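Asks: My structure is stored as model35.cif, with mmCIF, C-alpha atoms and all ligand atoms.
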```cif
data_my_file
#
loop_
_atom_site.label_atom_id
_atom_site.label_comp_id
_atom_site.auth_asym_id
_atom_site.auth_seq_id
_atom_site.Cartn_x
_atom_site.Cartn_y
_atom_site.Cartn_z
CA MET A 23 23.18 29.01 -7.30
CA LEU A 24 24.50 25.85 -8.84
CA PHE A 25 28.03 27.16 -8.40
CA ASP A 26 27.37 27.82 -4.69
CA PHE A 27 26.05 24.32 -4.36
CA LEU A 28 29.17 22.83 -5.91
CA ILE A 29 31.48 24.80 -3.67
CA ARG A 30 29.55 23.79 -0.59
CA MET A 31 29.77 20.11 -1.42
CA GLU A 32 33.52 20.05 -2.04
CA THR A 33 35.67 17.99 0.31
CA GLN A 34 39.41 18.56 0.54
CA LEU A 35 41.79 15.85 1.66
CA THR A 36 45.38 16.73 2.59
CA TRP A 37 48.01 14.07 3.28
CA TYR A 38 50.78 15.17 5.65
CA GLY A 39 52.82 12.01 5.10
CA HIS A 40 52.86 8.84 7.27
CA SER A 41 49.26 8.28 8.50
CA ALA A 42 48.31 11.92 9.00
CA PHE A 43 45.47 13.62 7.15
CA LYS A 44 43.45 16.81 7.22
CA ILE A 45 39.91 16.77 5.88
CA LYS A 46 38.08 20.00 5.11
CA THR A 47 34.38 19.25 4.80
CA GLY A 48 31.92 20.92 2.45
CA THR A 49 30.91 23.34 5.20
CA GLY A 50 34.48 24.15 6.21
CA LYS A 51 34.86 21.89 9.24
CA ILE A 52 38.46 20.79 9.82
CA LEU A 53 39.10 17.18 10.83
CA LEU A 54 42.51 15.66 11.48
CA ILE A 55 43.41 11.97 11.53
CA ASP A 56 46.53 10.70 13.35
CA PRO A 57 48.08 14.16 13.07
CA TRP A 58 51.83 13.64 13.21
CA ILE A 59 52.32 16.73 11.12
CA THR A 60 55.99 17.21 11.97
CA ASN A 61 56.93 13.77 10.61
CA PRO A 62 60.25 13.57 8.73
CA THR A 63 58.71 13.31 5.26
CA PHE A 64 56.80 16.60 5.42
CA ALA A 65 59.17 19.54 4.97
CA GLY A 66 56.43 22.09 5.68
CA GLY A 67 55.32 20.35 8.87
CA LYS A 68 56.37 22.99 11.40
CA ASP A 69 54.74 25.82 9.44
CA GLU A 70 51.57 23.84 8.87
CA LEU A 71 51.36 22.96 12.56
CA ALA A 72 51.78 26.63 13.52
CA SER A 73 49.11 27.70 11.02
CA LEU A 74 46.44 25.31 12.27
CA ASP A 75 44.35 27.71 14.31
CA HIS A 76 40.94 26.13 13.77
CA VAL A 77 40.43 22.39 14.15
CA ASP A 78 37.05 20.84 14.98
CA LEU A 79 37.95 17.21 15.61
CA ILE A 80 41.05 15.04 15.91
CA PHE A 81 40.55 11.32 15.20
CA LEU A 82 43.07 8.78 16.50
CA THR A 83 43.46 5.14 15.49
CA HIS A 84 45.79 4.11 18.33
CA GLY A 85 48.19 5.41 20.94
CA HIS A 86 51.62 5.04 19.34
CA GLY A 87 53.65 8.21 19.06
CA ASP A 88 53.73 8.23 15.26
CA HIS A 89 49.91 8.52 15.31
CA VAL A 90 49.19 10.68 18.37
CA GLY A 91 51.84 12.97 16.88
CA ASN A 92 51.07 16.64 17.53
CA SER A 93 47.55 16.02 18.90
CA ILE A 94 48.14 17.40 22.38
CA GLU A 95 49.58 20.69 21.15
CA ILE A 96 46.84 21.11 18.55
CA GLY A 97 44.09 20.19 21.01
CA LYS A 98 45.29 22.65 23.64
CA ARG A 99 45.68 25.47 21.14
CA THR A 100 42.53 25.04 19.07
CA GLY A 101 40.05 23.44 21.47
CA ALA A 102 39.58 20.51 19.05
CA GLY A 103 37.51 17.57 20.25
CA LEU A 104 39.31 14.23 20.47
CA VAL A 105 37.59 11.23 18.90
CA SER A 106 38.97 7.85 19.93
CA ASN A 107 38.04 4.60 21.58
CA PHE A 108 37.40 4.37 25.30
CA ASP A 109 40.78 3.07 26.46
CA LEU A 110 42.83 5.39 24.29
CA ASN A 111 40.72 8.32 25.49
CA ALA A 112 41.42 7.44 29.12
CA ALA A 113 45.16 7.06 28.51
CA ILE A 114 45.61 10.19 26.47
CA VAL A 115 43.75 12.37 28.96
CA SER A 116 45.39 10.94 32.07
CA VAL A 117 48.92 10.38 30.77
CA LEU A 118 49.46 13.00 28.07
CA GLY A 119 47.14 15.67 29.46
CA TYR A 120 44.73 16.10 26.56
CA PRO A 121 42.05 18.52 27.89
CA LYS A 122 39.37 16.31 29.45
CA GLU A 123 36.54 18.70 28.59
CA GLN A 124 37.42 18.29 24.89
CA ALA A 125 37.26 14.50 25.04
CA GLY A 126 33.86 13.87 26.56
CA PRO A 127 31.71 10.74 26.22
CA GLU A 128 29.97 11.94 23.05
CA LEU A 129 33.36 11.69 21.31
CA VAL A 130 34.31 8.29 22.71
CA GLY A 131 33.26 5.02 21.11
CA HIS A 132 34.52 1.53 20.55
CA LEU A 133 34.68 -1.28 18.01
CA GLY A 134 31.48 -1.64 16.02
CA GLY A 135 30.05 1.60 17.35
CA GLN A 136 29.07 4.53 15.18
CA LEU A 137 29.10 8.10 16.49
CA SER A 138 27.28 11.07 15.06
CA LEU A 139 29.33 14.26 15.36
CA LEU A 140 29.08 17.98 14.54
CA ASP A 141 25.27 17.96 14.22
CA SER A 142 25.43 14.76 12.18
CA GLU A 143 27.63 16.29 9.49
CA VAL A 144 30.26 13.68 10.32
CA LYS A 145 29.81 10.08 11.40
CA VAL A 146 32.53 7.69 12.44
CA GLN A 147 32.57 3.95 12.92
CA PHE A 148 35.35 2.16 14.78
CA VAL A 149 36.43 -1.05 13.05
CA PRO A 150 39.11 -3.58 14.00
CA ALA A 151 42.81 -3.33 13.23
CA TRP A 152 45.44 -5.95 14.07
CA HIS A 153 48.19 -4.05 15.82
CA GLY A 154 49.09 -2.83 19.32
CA SER A 155 48.21 0.34 21.18
CA SER A 156 50.05 1.93 24.07
CA ILE A 157 51.35 5.30 25.03
CA GLU A 158 55.12 5.36 25.36
CA ARG A 159 56.81 7.38 28.07
CA GLU A 160 60.45 8.16 28.67
CA ASN A 161 62.09 5.99 31.33
CA ALA A 162 58.79 4.40 32.32
CA PRO A 163 56.78 1.43 31.14
CA PRO A 164 54.28 2.12 28.35
CA VAL A 165 50.66 2.76 29.35
CA TYR A 166 47.87 0.51 28.08
CA ALA A 167 45.70 2.21 25.45
CA GLY A 168 43.25 -0.56 24.51
CA ASN A 169 42.69 -2.10 21.10
CA PRO A 170 43.85 -0.25 18.02
CA THR A 171 41.16 0.56 15.46
CA GLY A 172 40.55 1.53 11.89
CA LEU A 173 38.13 4.39 11.29
CA ILE A 174 35.35 4.79 8.77
CA ILE A 175 34.54 8.48 8.48
CA MET A 176 31.32 9.38 6.67
CA LEU A 177 30.79 12.97 5.59
CA ARG A 178 27.24 14.10 5.00
CA ASP A 179 26.89 14.94 1.30
CA GLY A 180 30.52 13.95 0.91
CA LEU A 181 33.01 11.14 0.94
CA THR A 182 33.14 7.97 2.97
CA ILE A 183 36.75 7.38 3.98
CA TYR A 184 38.27 4.24 5.51
CA HIS A 185 41.53 4.84 7.36
CA THR A 186 42.93 1.39 8.16
CA GLY A 187 45.12 2.56 11.05
CA ASP A 188 48.12 0.27 11.47
CA THR A 189 47.14 -3.29 10.71
CA ASP A 190 47.83 -6.57 9.04
CA LEU A 191 45.41 -7.93 6.46
CA PHE A 192 42.46 -9.78 7.97
CA SER A 193 39.56 -11.44 6.23
CA ASP A 194 36.90 -9.50 8.18
CA MET A 195 37.87 -6.41 6.21
CA ALA A 196 35.35 -7.87 3.76
CA LEU A 197 32.64 -6.84 6.24
CA VAL A 198 33.44 -3.16 5.62
CA LYS A 199 32.07 -3.54 2.10
CA ARG A 200 28.78 -4.98 3.36
CA PHE A 201 28.00 -1.82 5.32
CA HIS A 202 29.79 0.97 3.47
CA LYS A 203 30.60 2.10 -0.03
CA ILE A 204 34.11 3.38 0.49
CA ASP A 205 35.17 6.30 -1.69
CA ALA A 206 38.72 6.51 -0.40
CA MET A 207 40.67 3.83 1.46
CA LEU A 208 43.79 5.10 3.22
CA VAL A 209 45.83 1.93 3.54
CA CYS A 210 49.13 1.20 5.28
CA ILE A 211 51.68 -0.46 2.96
CA GLY A 212 55.04 0.09 4.69
CA ASP A 213 55.69 -3.47 5.92
CA HIS A 214 57.72 -4.29 9.07
CA PHE A 215 55.14 -2.96 11.59
CA THR A 216 52.07 -3.34 9.33
CA MET A 217 51.11 -5.21 6.20
CA GLY A 218 53.29 -4.61 3.17
CA PRO A 219 52.28 -4.01 -0.46
CA ASP A 220 51.10 -7.57 -1.22
CA ARG A 221 48.86 -7.97 1.81
CA ALA A 222 47.64 -4.37 1.47
CA ALA A 223 46.57 -5.16 -2.12
CA GLU A 224 44.56 -8.10 -0.80
CA ALA A 225 42.95 -5.73 1.71
CA VAL A 226 41.93 -3.39 -1.10
CA LYS A 227 40.40 -6.34 -2.93
CA LEU A 228 38.27 -7.14 0.14
CA VAL A 229 37.09 -3.56 0.69
CA ALA A 230 36.66 -2.57 -3.00
CA PRO A 231 36.97 1.20 -2.55
CA LYS A 232 36.71 3.62 -5.48
CA THR A 233 40.17 5.06 -4.77
CA VAL A 234 43.06 3.87 -2.64
CA ILE A 235 45.79 6.08 -1.18
CA PRO A 236 48.86 4.28 0.24
CA ILE A 237 50.17 5.53 3.61
CA HIS A 238 52.61 4.60 6.41
CA TYR A 239 55.61 3.96 4.14
CA GLY A 240 58.99 5.60 3.60
CA THR A 241 58.87 7.60 6.84
CA PHE A 242 61.82 5.63 8.22
CA PRO A 243 64.19 3.24 6.40
CA LEU A 244 62.44 0.30 8.09
CA LEU A 245 59.15 1.02 6.27
CA THR A 246 60.24 -0.46 2.97
CA GLY A 247 56.93 -0.85 1.12
CA THR A 248 56.65 1.41 -1.92
CA PRO A 249 53.75 2.70 -4.01
CA GLU A 250 55.34 1.04 -7.07
CA ALA A 251 55.37 -2.38 -5.43
CA PHE A 252 51.82 -1.76 -4.24
CA GLU A 253 50.71 -0.89 -7.78
CA ASP A 254 52.24 -4.13 -9.07
CA GLU A 255 50.42 -6.14 -6.43
CA LEU A 256 47.11 -4.45 -7.28
CA LYS A 257 47.65 -5.23 -10.97
CA LYS A 258 48.53 -8.85 -10.24
CA ARG A 259 45.16 -9.19 -8.54
CA LYS A 260 43.29 -7.26 -11.26
CA VAL A 261 41.92 -4.86 -8.65
CA LYS A 262 39.78 -2.19 -10.31
CA THR A 263 40.25 0.46 -7.60
CA ARG A 264 42.00 3.63 -8.75
CA LEU A 265 45.42 4.10 -7.13
CA ARG A 266 46.21 7.67 -6.10
CA VAL A 267 49.72 8.23 -4.77
CA MET A 268 49.97 11.51 -2.88
CA HIS A 269 53.03 13.44 -1.79
CA ALA A 270 53.36 14.84 1.71
CA GLY A 271 51.57 18.18 1.91
CA GLU A 272 49.42 17.58 -1.17
CA THR A 273 45.70 18.37 -1.16
CA ILE A 274 43.13 16.74 -3.41
CA THR A 275 39.57 17.92 -3.88
CA ALA A 276 36.57 15.69 -4.36
CA GLY A 277 33.09 16.85 -5.35
ZN ZN A 301 52.37 3.51 12.97
#
```
Let me see whether you can do it: turn the structure in this file into structure tokens.
Replies:
Amino acid sequence: MLFDFLIRMETQLTWYGHSAFKIKTGTGKILLIDPWITNPTFAGGKDELASLDHVDLIFLTHGHGDHVGNSIEIGKRTGAGLVSNFDLNAAIVSVLGYPKEQAGPELVGHLGGQLSLLDSEVKVQFVPAWHGSSIERENAPPVYAGNPTGLIIMLRDGLTIYHTGDTDLFSDMALVKRFHKIDAMLVCIGDHFTMGPDRAAEAVKLVAPKTVIPIHYGTFPLLTGTPEAFEDELKKRKVKTRLRVMHAGETITAG
């Protein structure tokens, strides 16, 4: 019995590289975040994409192509619900053709709001991120997709995960800590389009998660932040959070 209990409670977190994650909850629900699975750092991307036949929910932080990634294909094939803010929802349905019936109002929120999903097994809160958000099209102006967000995903009997989305450091990140005990913070460190290692380390200090996993680096030459530089910056600030550097395609399990 105890063994059954332990298996049921296990959460698996897979990093696909860049900002893309898969979460398998204790009851076997499959959640994706910013699923650009075929990004250049993940050699097994095409196979993984083809093998995803069951996905419950796709969460998106903003509308840029490196975050929307393979969402449309996955949504059409698996029937996954799309969780995003109001403006991104409207843009992705009308411009990219995400199935409207899989992106209904129960899956749409906005900054400060918390949604209860999958019979309350999963909750999500939309929090600010300092970035842009639009959907790019070939030979046409980009389409407005609202404010970008970070996402706090709370699993019942499981982890609380803060995905920062793409953002700079901002002092209101300290508010996250007032409302949530973050088990895993997935933080962008790549520089150029987001904060780099030094500002990301300050962000970790504000949020005080148990574990931090650096993301959004090394995908292109422009994203120059490295886990090593990030580790140095955390040490400089005497941050107690455990640093966990993942490789693309790796899965970690948390009880
Ligand atoms: Zn990005």
Asks: May I ask which of the residues A:Thr83, A:Thr246, A:Asn169, A:Asn111 is the closest one to ligand ZN 301 (chain A), counting all atoms listed in the file?
Replies: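 Closest candidate: A:Thr83.
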Asks: Set the distance at 12 Å and use only C-alpha atoms: which residues neighbour segment 66-72 of chain A once local chain neighbours fewer than 5 positions away are removed? I'd like the list as a list in words.
Replies: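 Near neighbours after the sequence-gap exclusion: Thr36, Trp37, Tyr38, Gly39, His40, Ala42, Lys44, Leu54, Pro57, Trp58, Ile59, Thr60, Asn61, Val77, Gly91, Asn92, Ser93, Ile94, Glu95, Ile96, Gly97, Arg99, Thr100, His269, Ala270, Gly271 and Glu272 of chain A.
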Asks: Hey, what's within 8 Å of segment 228-230 of chain A if we count only C-alpha atoms and toss same-chain stuff fewer than 5 positions away? As an mmCIF file with C-alpha atoms, in the frame of the given file, please?
Replies:
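Output contents, as saved in selection17.cif:
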```
data_model
loop_
_atom_site.group_PDB
_atom_site.id
_atom_site.type_symbol
_atom_site.label_atom_id
_atom_site.label_comp_id
_atom_site.auth_asym_id
_atom_site.auth_seq_id
_atom_site.Cartn_x
_atom_site.Cartn_y
_atom_site.Cartn_z
ATOM 1 C CA SER A 193 39.560 -11.440 6.230
ATOM 2 C CA MET A 195 37.870 -6.410 6.210
ATOM 3 C CA ALA A 196 35.350 -7.870 3.760
ATOM 4 C CA LEU A 197 32.640 -6.840 6.240
ATOM 5 C CA VAL A 198 33.440 -3.160 5.620
ATOM 6 C CA LYS A 199 32.070 -3.540 2.100
ATOM 7 C CA ILE A 204 34.110 3.380 0.490
ATOM 8 C CA LYS A 262 39.780 -2.190 -10.310
ATOM 9 C CA THR A 263 40.250 0.460 -7.600
#
```
Asks: Could I get the residue neighbourhood of ligand ZN 301 (chain A) at 10 Å, counting all atoms listed in the file, as JSON, numbers by chain?
Replies: {"A": [40, 41, 56, 83, 84, 85, 86, 87, 88, 89, 90, 153, 154, 155, 187, 188, 189, 210, 212, 215, 216, 237, 238, 239, 241, 245]}
Asks: Hey, can you check how far atom CA of Val117 of chain A sits from atom CA of Leu104 of chain A?
Replies: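 Calculated distance between atom CA of Val117 of chain A and atom CA of Leu104 of chain A is 14.6 Å.
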Asks: If you measure from atom CA of Lys203 of chain A to atom CA of Thr182 of chain A, what distance in Å do you get, rounded to one decimal?
Replies: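 Separation of atom CA of Lys203 of chain A and atom CA of Thr182 of chain A: 7.1 Å.
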Asks: Just give me the gap between atom CA of Leu173 of chain A and atom CA of Glu160 of chain A in Å, one decimal is fine.
Replies: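 We find that atom CA of Leu173 of chain A and atom CA of Glu160 of chain A lie 28.5 Å from each other.
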Asks: Using all atoms listed in the file, can you tell me which of A:Ala167, A:Met176, A:Leu53, A:Leu244 comes closest to Phe108 of chain A?
Replies: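 For Phe108 of chain A, the nearest of the candidates is A:Ala167.
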Asks: Compile the contact shell of Phe252 of chain A as number ranges by chain: residues with an atom at most 8 Å away, counting all atoms listed in the file, same-chain residues fewer than 6 positions apart removed.
Replies: A: 211, 219-220, 222-223
